[in-house]
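Trainee: Next comes my_file-v8.cif, mmCIF, C-alpha atoms:
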```
data_structure
#
loop_
_atom_site.label_atom_id
_atom_site.label_comp_id
_atom_site.auth_asym_id
_atom_site.auth_seq_id
_atom_site.Cartn_x
_atom_site.Cartn_y
_atom_site.Cartn_z
CA MET A 230 63.28 -10.14 13.14
CA ALA A 231 59.98 -10.17 11.22
CA ALA A 232 58.13 -6.89 11.18
CA ARG A 233 55.13 -6.78 13.48
CA LYS A 234 51.89 -7.11 11.53
CA ARG A 235 50.09 -3.79 11.41
CA ARG A 236 46.60 -3.97 12.90
CA GLU A 237 43.75 -2.61 10.78
CA PRO A 238 42.54 0.68 12.27
CA LEU A 239 39.09 0.72 13.84
CA SER A 240 36.36 2.25 11.69
CA ARG A 241 32.59 2.29 11.65
CA ASP A 242 32.48 -0.12 8.71
CA ARG A 243 34.87 -2.54 10.40
CA ALA A 244 32.88 -2.41 13.64
CA LEU A 245 29.59 -3.03 11.84
CA ALA A 246 31.05 -5.92 9.84
CA ALA A 247 32.18 -7.53 13.10
CA ALA A 248 28.80 -6.87 14.72
CA THR A 249 26.99 -8.45 11.78
CA ALA A 250 29.21 -11.54 11.92
CA LEU A 251 28.63 -11.84 15.66
CA VAL A 252 24.85 -11.62 15.42
CA ASP A 253 24.78 -14.00 12.45
CA ALA A 254 26.69 -16.56 14.51
CA GLU A 255 25.21 -16.12 17.98
CA GLY A 256 22.04 -14.05 17.74
CA MET A 257 21.10 -10.57 18.83
CA ALA A 258 21.33 -11.40 22.54
CA ALA A 259 25.10 -11.85 22.20
CA LEU A 260 25.63 -8.31 20.90
CA THR A 261 26.98 -5.88 23.50
CA MET A 262 29.46 -3.06 23.17
CA ARG A 263 31.87 -4.93 25.45
CA ARG A 264 31.63 -8.18 23.49
CA LEU A 265 32.01 -6.39 20.15
CA ALA A 266 35.07 -4.53 21.43
CA ALA A 267 36.62 -7.81 22.55
CA ASP A 268 36.02 -9.38 19.14
CA LEU A 269 37.68 -6.36 17.52
CA GLY A 270 40.58 -6.36 19.97
CA VAL A 271 39.93 -2.81 21.16
CA GLU A 272 38.74 -1.09 24.32
CA ALA A 273 34.97 -0.68 24.59
CA MET A 274 35.27 3.09 24.82
CA SER A 275 36.98 3.13 21.42
CA LEU A 276 33.73 2.00 19.82
CA TYR A 277 31.91 5.11 21.01
CA HIS A 278 33.96 7.25 18.62
CA HIS A 279 32.28 5.40 15.75
CA LEU A 280 28.97 4.15 17.20
CA PRO A 281 27.24 6.21 19.91
CA GLY A 282 26.16 3.47 22.30
CA LYS A 283 23.97 0.41 21.87
CA GLU A 284 21.18 2.26 20.05
CA GLY A 285 23.70 3.76 17.66
CA LEU A 286 25.09 0.28 17.08
CA LEU A 287 21.62 -1.09 16.28
CA ASP A 288 20.96 1.81 13.90
CA GLY A 289 24.30 1.06 12.27
CA LEU A 290 23.35 -2.60 11.80
CA VAL A 291 20.13 -1.53 10.10
CA ASP A 292 22.08 0.82 7.83
CA ALA A 293 24.43 -2.05 6.94
CA VAL A 294 21.55 -4.40 6.10
CA ILE A 295 19.79 -1.77 3.96
CA ALA A 296 23.04 -1.11 2.10
CA GLU A 297 23.39 -4.85 1.47
CA ILE A 298 19.79 -5.05 0.21
CA THR A 299 20.30 -2.06 -2.07
CA ALA A 300 23.46 -3.57 -3.55
CA ALA A 301 21.70 -6.89 -4.14
CA ALA A 302 18.71 -5.10 -5.70
CA ASP A 303 20.98 -3.08 -7.99
CA GLN A 304 22.57 -6.30 -9.18
CA ALA A 305 19.10 -7.77 -9.74
CA GLU A 306 18.22 -4.72 -11.85
CA THR A 307 21.32 -5.34 -13.94
CA ASP A 308 20.39 -9.01 -14.37
CA ALA A 309 16.85 -8.04 -15.39
CA ALA A 310 17.90 -5.36 -17.90
CA GLY A 311 15.27 -5.16 -20.61
CA GLY A 312 12.68 -7.03 -18.56
CA ASP A 313 9.19 -5.80 -17.78
CA TRP A 314 8.26 -4.16 -14.46
CA ARG A 315 7.09 -7.45 -12.96
CA THR A 316 10.32 -9.30 -13.73
CA ARG A 317 12.43 -6.45 -12.41
CA LEU A 318 10.51 -6.09 -9.14
CA ARG A 319 10.33 -9.83 -8.57
CA LEU A 320 14.08 -10.17 -8.88
CA ARG A 321 14.59 -7.11 -6.69
CA PHE A 322 12.37 -8.42 -3.89
CA LEU A 323 13.85 -11.92 -4.08
CA ALA A 324 17.34 -10.39 -3.87
CA ALA A 325 16.25 -8.56 -0.72
CA ARG A 326 14.95 -11.82 0.71
CA THR A 327 18.28 -13.53 0.07
CA VAL A 328 19.87 -10.88 2.29
CA MET A 329 17.24 -11.47 4.99
CA LEU A 330 17.77 -15.23 4.90
CA ARG A 331 21.47 -14.53 5.39
CA HIS A 332 20.65 -12.35 8.41
CA PRO A 333 17.45 -13.82 9.94
CA TRP A 334 17.64 -11.39 12.87
CA ALA A 335 17.26 -8.39 10.55
CA PRO A 336 13.43 -8.35 10.07
CA ALA A 337 12.78 -7.97 13.80
CA LEU A 338 15.48 -5.33 14.12
CA LEU A 339 14.17 -3.31 11.17
CA SER A 340 10.65 -3.44 12.54
CA SER A 341 11.78 -2.22 15.95
CA ARG A 342 13.59 0.98 14.97
CA PRO A 343 11.77 4.23 15.82
CA THR A 344 12.89 6.10 12.69
CA ILE A 345 13.16 5.25 8.99
CA PRO A 346 16.76 4.47 7.99
CA PRO A 347 17.92 7.01 5.36
CA GLY A 348 18.96 4.28 2.93
CA VAL A 349 15.37 3.04 2.71
CA TYR A 350 14.32 6.14 0.75
CA GLY A 351 16.82 5.45 -2.01
CA TYR A 352 15.77 1.81 -2.15
CA TYR A 353 12.10 2.71 -2.57
CA GLU A 354 13.01 5.33 -5.17
CA GLY A 355 14.21 2.44 -7.32
CA ILE A 356 10.93 0.57 -6.81
CA LEU A 357 8.90 3.63 -7.78
CA ALA A 358 11.05 4.21 -10.85
CA THR A 359 10.39 0.63 -11.98
CA LEU A 360 6.63 1.02 -11.50
CA VAL A 361 6.48 4.37 -13.31
CA ASP A 362 8.64 3.02 -16.15
CA GLY A 363 6.19 0.11 -16.33
CA GLY A 364 3.26 2.42 -17.00
CA PHE A 365 1.86 2.93 -13.49
CA SER A 366 0.54 6.30 -12.37
CA TYR A 367 1.90 7.70 -9.13
CA ARG A 368 -1.50 7.06 -7.55
CA ILE A 369 -1.43 3.33 -8.33
CA ALA A 370 2.30 3.11 -7.55
CA HIS A 371 1.64 4.61 -4.12
CA ARG A 372 -1.04 2.02 -3.45
CA ALA A 373 1.33 -0.69 -4.66
CA LEU A 374 3.87 0.31 -2.01
CA HIS A 375 1.20 -0.08 0.65
CA ALA A 376 0.28 -3.49 -0.74
CA PHE A 377 3.90 -4.65 -0.83
CA GLY A 378 4.55 -3.68 2.77
CA SER A 379 7.69 -5.33 4.10
CA LEU A 380 7.74 -7.80 1.18
CA ALA A 381 9.71 -5.17 -0.72
CA LEU A 382 12.46 -5.58 1.89
CA GLY A 383 12.41 -9.36 1.68
CA PHE A 384 10.22 -10.47 4.59
CA ALA A 385 6.60 -10.71 5.69
CA GLN A 386 5.59 -9.00 8.92
CA GLU A 387 3.83 -11.59 11.05
CA VAL A 388 0.96 -10.41 13.20
CA LEU A 389 1.04 -13.42 15.51
CA LYS A 390 3.91 -15.73 16.36
CA PRO A 391 3.71 -18.89 18.46
CA ALA A 392 5.99 -19.48 21.42
CA THR A 393 9.47 -20.85 20.85
CA GLY A 394 12.00 -22.72 22.94
CA GLU A 395 10.76 -24.21 26.22
CA GLU A 396 7.29 -22.71 25.76
CA ALA A 397 6.81 -24.39 22.39
CA ASP A 398 5.51 -27.69 23.80
CA ALA A 399 2.87 -25.93 25.90
CA ALA A 400 1.86 -23.81 22.90
CA GLU A 401 1.55 -26.93 20.74
CA ALA A 402 -0.72 -28.56 23.30
CA GLU A 403 -2.84 -25.41 23.47
CA LEU A 404 -3.08 -25.34 19.68
CA ALA A 405 -4.31 -28.96 19.70
CA VAL A 406 -7.13 -27.98 22.04
CA LEU A 407 -7.97 -24.95 19.91
CA ALA A 408 -8.03 -27.13 16.80
CA GLU A 409 -11.01 -28.98 18.25
CA GLN A 410 -12.85 -25.70 18.85
CA LEU A 411 -11.70 -23.98 15.64
CA PRO A 412 -11.65 -26.73 13.02
CA HIS A 413 -10.87 -24.54 10.00
CA LEU A 414 -7.94 -22.84 11.70
CA GLY A 415 -6.62 -26.17 12.93
CA ALA A 416 -6.95 -27.76 9.50
CA MET A 417 -5.19 -24.81 7.84
CA VAL A 418 -2.24 -24.96 10.24
CA ALA A 419 -1.96 -28.72 9.76
CA ALA A 420 -2.07 -28.35 5.98
CA GLU A 421 0.49 -25.57 5.90
CA MET A 422 3.33 -27.16 7.84
CA HIS A 423 6.49 -25.97 6.11
CA ALA A 424 8.78 -28.42 4.34
CA ALA A 425 12.24 -28.68 5.87
CA THR A 426 13.74 -27.57 2.55
CA ASP A 427 11.60 -24.41 2.37
CA PRO A 428 13.64 -21.49 3.80
CA THR A 429 11.73 -19.59 6.47
CA LEU A 430 12.16 -16.32 8.32
CA GLY A 431 9.33 -16.97 10.74
CA TRP A 432 6.41 -19.15 11.67
CA CYS A 433 4.38 -17.95 8.70
CA ASP A 434 7.03 -16.50 6.38
CA SER A 435 8.32 -19.26 4.13
CA GLN A 436 9.86 -18.82 0.70
CA THR A 437 6.86 -20.52 -0.91
CA GLU A 438 4.41 -18.16 0.81
CA PHE A 439 6.59 -15.14 0.01
CA GLU A 440 6.71 -15.88 -3.72
CA PHE A 441 3.01 -16.81 -3.86
CA THR A 442 2.07 -13.47 -2.28
CA LEU A 443 4.35 -11.54 -4.63
CA ASP A 444 2.83 -13.16 -7.70
CA LEU A 445 -0.70 -12.56 -6.39
CA LEU A 446 0.06 -8.87 -5.84
CA PHE A 447 1.71 -8.51 -9.23
CA ASP A 448 -1.32 -10.07 -10.94
CA GLY A 449 -3.62 -7.59 -9.21
CA LEU A 450 -1.37 -4.63 -9.97
CA GLU A 451 -1.24 -5.50 -13.66
CA GLN A 452 -5.03 -5.51 -13.75
CA ALA A 453 -5.11 -2.14 -11.96
CA ARG A 454 -2.56 -0.72 -14.40
CA CYS A 455 -4.61 -1.84 -17.39
CA ARG A 456 -7.84 -0.39 -15.95
CA SER A 457 -6.11 2.90 -15.16
CA ALA A 458 -4.70 3.14 -18.68
CA ALA A 459 -8.12 2.42 -20.17
CA ASP A 460 -9.69 5.21 -18.13
CA GLU A 461 -7.23 7.84 -19.32
#
```
Rewrite the coordinates I just gave you, this time as structure tokens.
Mentor:
Amino acid sequence: MAARKRREPLSRDRALAAATALVDAEGMAALTMRRLAADLGVEAMSLYHHLPGKEGLLDGLVDAVIAEITAAADQAETDAAGGDWRTRLRLRFLAARTVMLRHPWAPALLSSRPTIPPGVYGYYEGILATLVDGGFSYRIAHRALHAFGSLALGFAQEVLKPATGEEADAAEAELAVLAEQLPHLGAMVAAEMHAATDPTLGWCDSQTEFEFTLDLLFDGLEQARCRSAADE
């Protein structure tokens, strides 16, 4: 008689991997402790030994995403060995965006958490090290972090988002009316319709816009670095 296959023991990492796969496939609304336990083949109460309730689960998902971003950024640093600060940061931020495109639910989740995930500090330490190595003072580097905002984590925080789903048609009709009253806004929206091949994380967060903004910021930072060096 064949030996019974030994089931992998439940752990925090295993639970978070299953939660990530579930949300990737079905969206955040599908994630409950009961559903996750069923996918893992365990009792729901077993999860509480590793993740203290739904909020603990969401914090764990954020930790997992930040760890994935950090690993991707570290690889980007390896690939950019010997490059200047701009090349290194560009690859780092684009690596972070690749993670976000893989988990499109992550930007909203990151933005919703009430505390800063511990892994974020280590990630930003790497960004600061790159800027300082590139000749930036801590003063300019600090301002650079403000300018980067969430771009450093691979996404752009959108101030306004149009309706989706069943409300989208009504919103589109409302926008058509507004376009008559606000011609410049209407013309801009019409001109900036995203191509189907341009990966997006939101209404106004396409890959093209992301890279354009990065390059614009890097150009400005290089000018600020040169002015600061000339003043010293």
Trainee: So that each row is one residue of range 333-374 of chain A with an atom at most 9 Å from range 433-453 of chain A, can you give its shortest atom pair and the distance in Å to one decimal, using all atoms listed in the file, rows by chain and rising number, as a Markdown table?
Mentor:
```
| residue | atom | partner | partner_atom | distance |
| --- | --- | --- | --- | --- |
| A:Phe365 | CA | A:Ala453 | CA | 8.8 |
| A:Ile369 | CA | A:Ala453 | CA | 7.5 |
| A:Ala370 | CA | A:Leu450 | CA | 8.9 |
| A:Ala373 | CA | A:Leu450 | CA | 7.1 |
```
Trainee: Smallest atom-to-atom distance to Gln386 in chain A: which of A:Leu276, A:Ala335, A:Ala267, A:Leu260, using only C-alpha atoms?
Mentor: A:Ala335
Trainee: For the structure shown, which residues end up in the PyMOL selection byres ((chain A and resi 346) around 12)? Put them as JSON, numbers by chain, please?
Mentor: {"A": [285, 287, 288, 289, 290, 291, 292, 293, 294, 295, 296, 338, 339, 340, 341, 342, 343, 344, 345, 347, 348, 349, 350, 351, 352, 353]}
Trainee: Between CA of Ala310 in chain A and CA of Ala385 in chain A, measure the distance and give it in Å to one decimal.
Mentor: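 Rounded to one decimal, the two atoms are 26.7 Å apart.
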Trainee: Counting all atoms listed in the file, figure out which residue out of A:Thr316, A:Leu286, A:Phe322, A:Leu411 gets nearest to Gly378 in chain A.
Mentor: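 Among A:Thr316, A:Leu286, A:Phe322, A:Leu411, it is A:Phe322 that comes nearest to Gly378 in chain A.
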Trainee: Mind giving me the straight-line distance from CA of Met262 in chain A to CA of Gly383 in chain A in Å, one decimal?
Mentor: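 That distance, rounded to one decimal, is 28.1 Å.
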Trainee: Can you work out the spacing between CA of Arg326 in chain A and CA of Phe384 in chain A in Å, to one decimal?
Mentor: 6.3 Å
Trainee: Which is closer to Leu330 in chain A than all the others in A:Gly415, A:Gly311, A:Pro238, A:Gly431, using all atoms listed in the file?
Mentor: A:Gly431
Trainee: Counting all atoms listed in the file, which of A:Ala337, A:Val406, A:Leu414, A:Ile356 gets nearest to Glu387 in chain A?
Mentor: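 Of all the options, A:Ala337 lies closest to Glu387 in chain A.
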Trainee: Taking all atoms of range 344-348 of chain A that appear in the file, build a box with edges along x, y and z, extend it by 8 Å on every side, and state its centre and edge lengths in Å to one decimal, as AutoDock Vina command-line options.
Mentor:
```
--center_x 15.9 --center_y 5.6 --center_z 7.8 --size_x 22.1 --size_y 18.7 --size_z 25.8
```
Trainee: A:Ala301, A:Ala244, A:Val252, A:Ala459: which is nearest His278 in chain A, counting only C-alpha atoms?
Mentor: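 Counting only C-alpha atoms, the residue closest to His278 in chain A is A:Ala244.
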Trainee: Evaluating the PyMOL selection byres ((chain A and resi 271) around 12) on the displayed file yields which residues, as a ChimeraX atom specification?
Mentor: /A:236-240,243-244,262-270,272-278
Trainee: I'd like to know which of A:Thr249, A:Thr429, A:Ser379, A:Thr359 is closest to Glu306 in chain A, using only C-alpha atoms.
Mentor: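 Smallest separation from Glu306 in chain A among the options: A:Thr359.
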Trainee: Quick one: apply the PyMOL selection byres ((chain A and resi 321) around 10) to the file and drop the selected residues here as a ChimeraX atom specification.
Mentor: /A:298-299,301-306,308-309,315-320,322-326,355-356,381-383
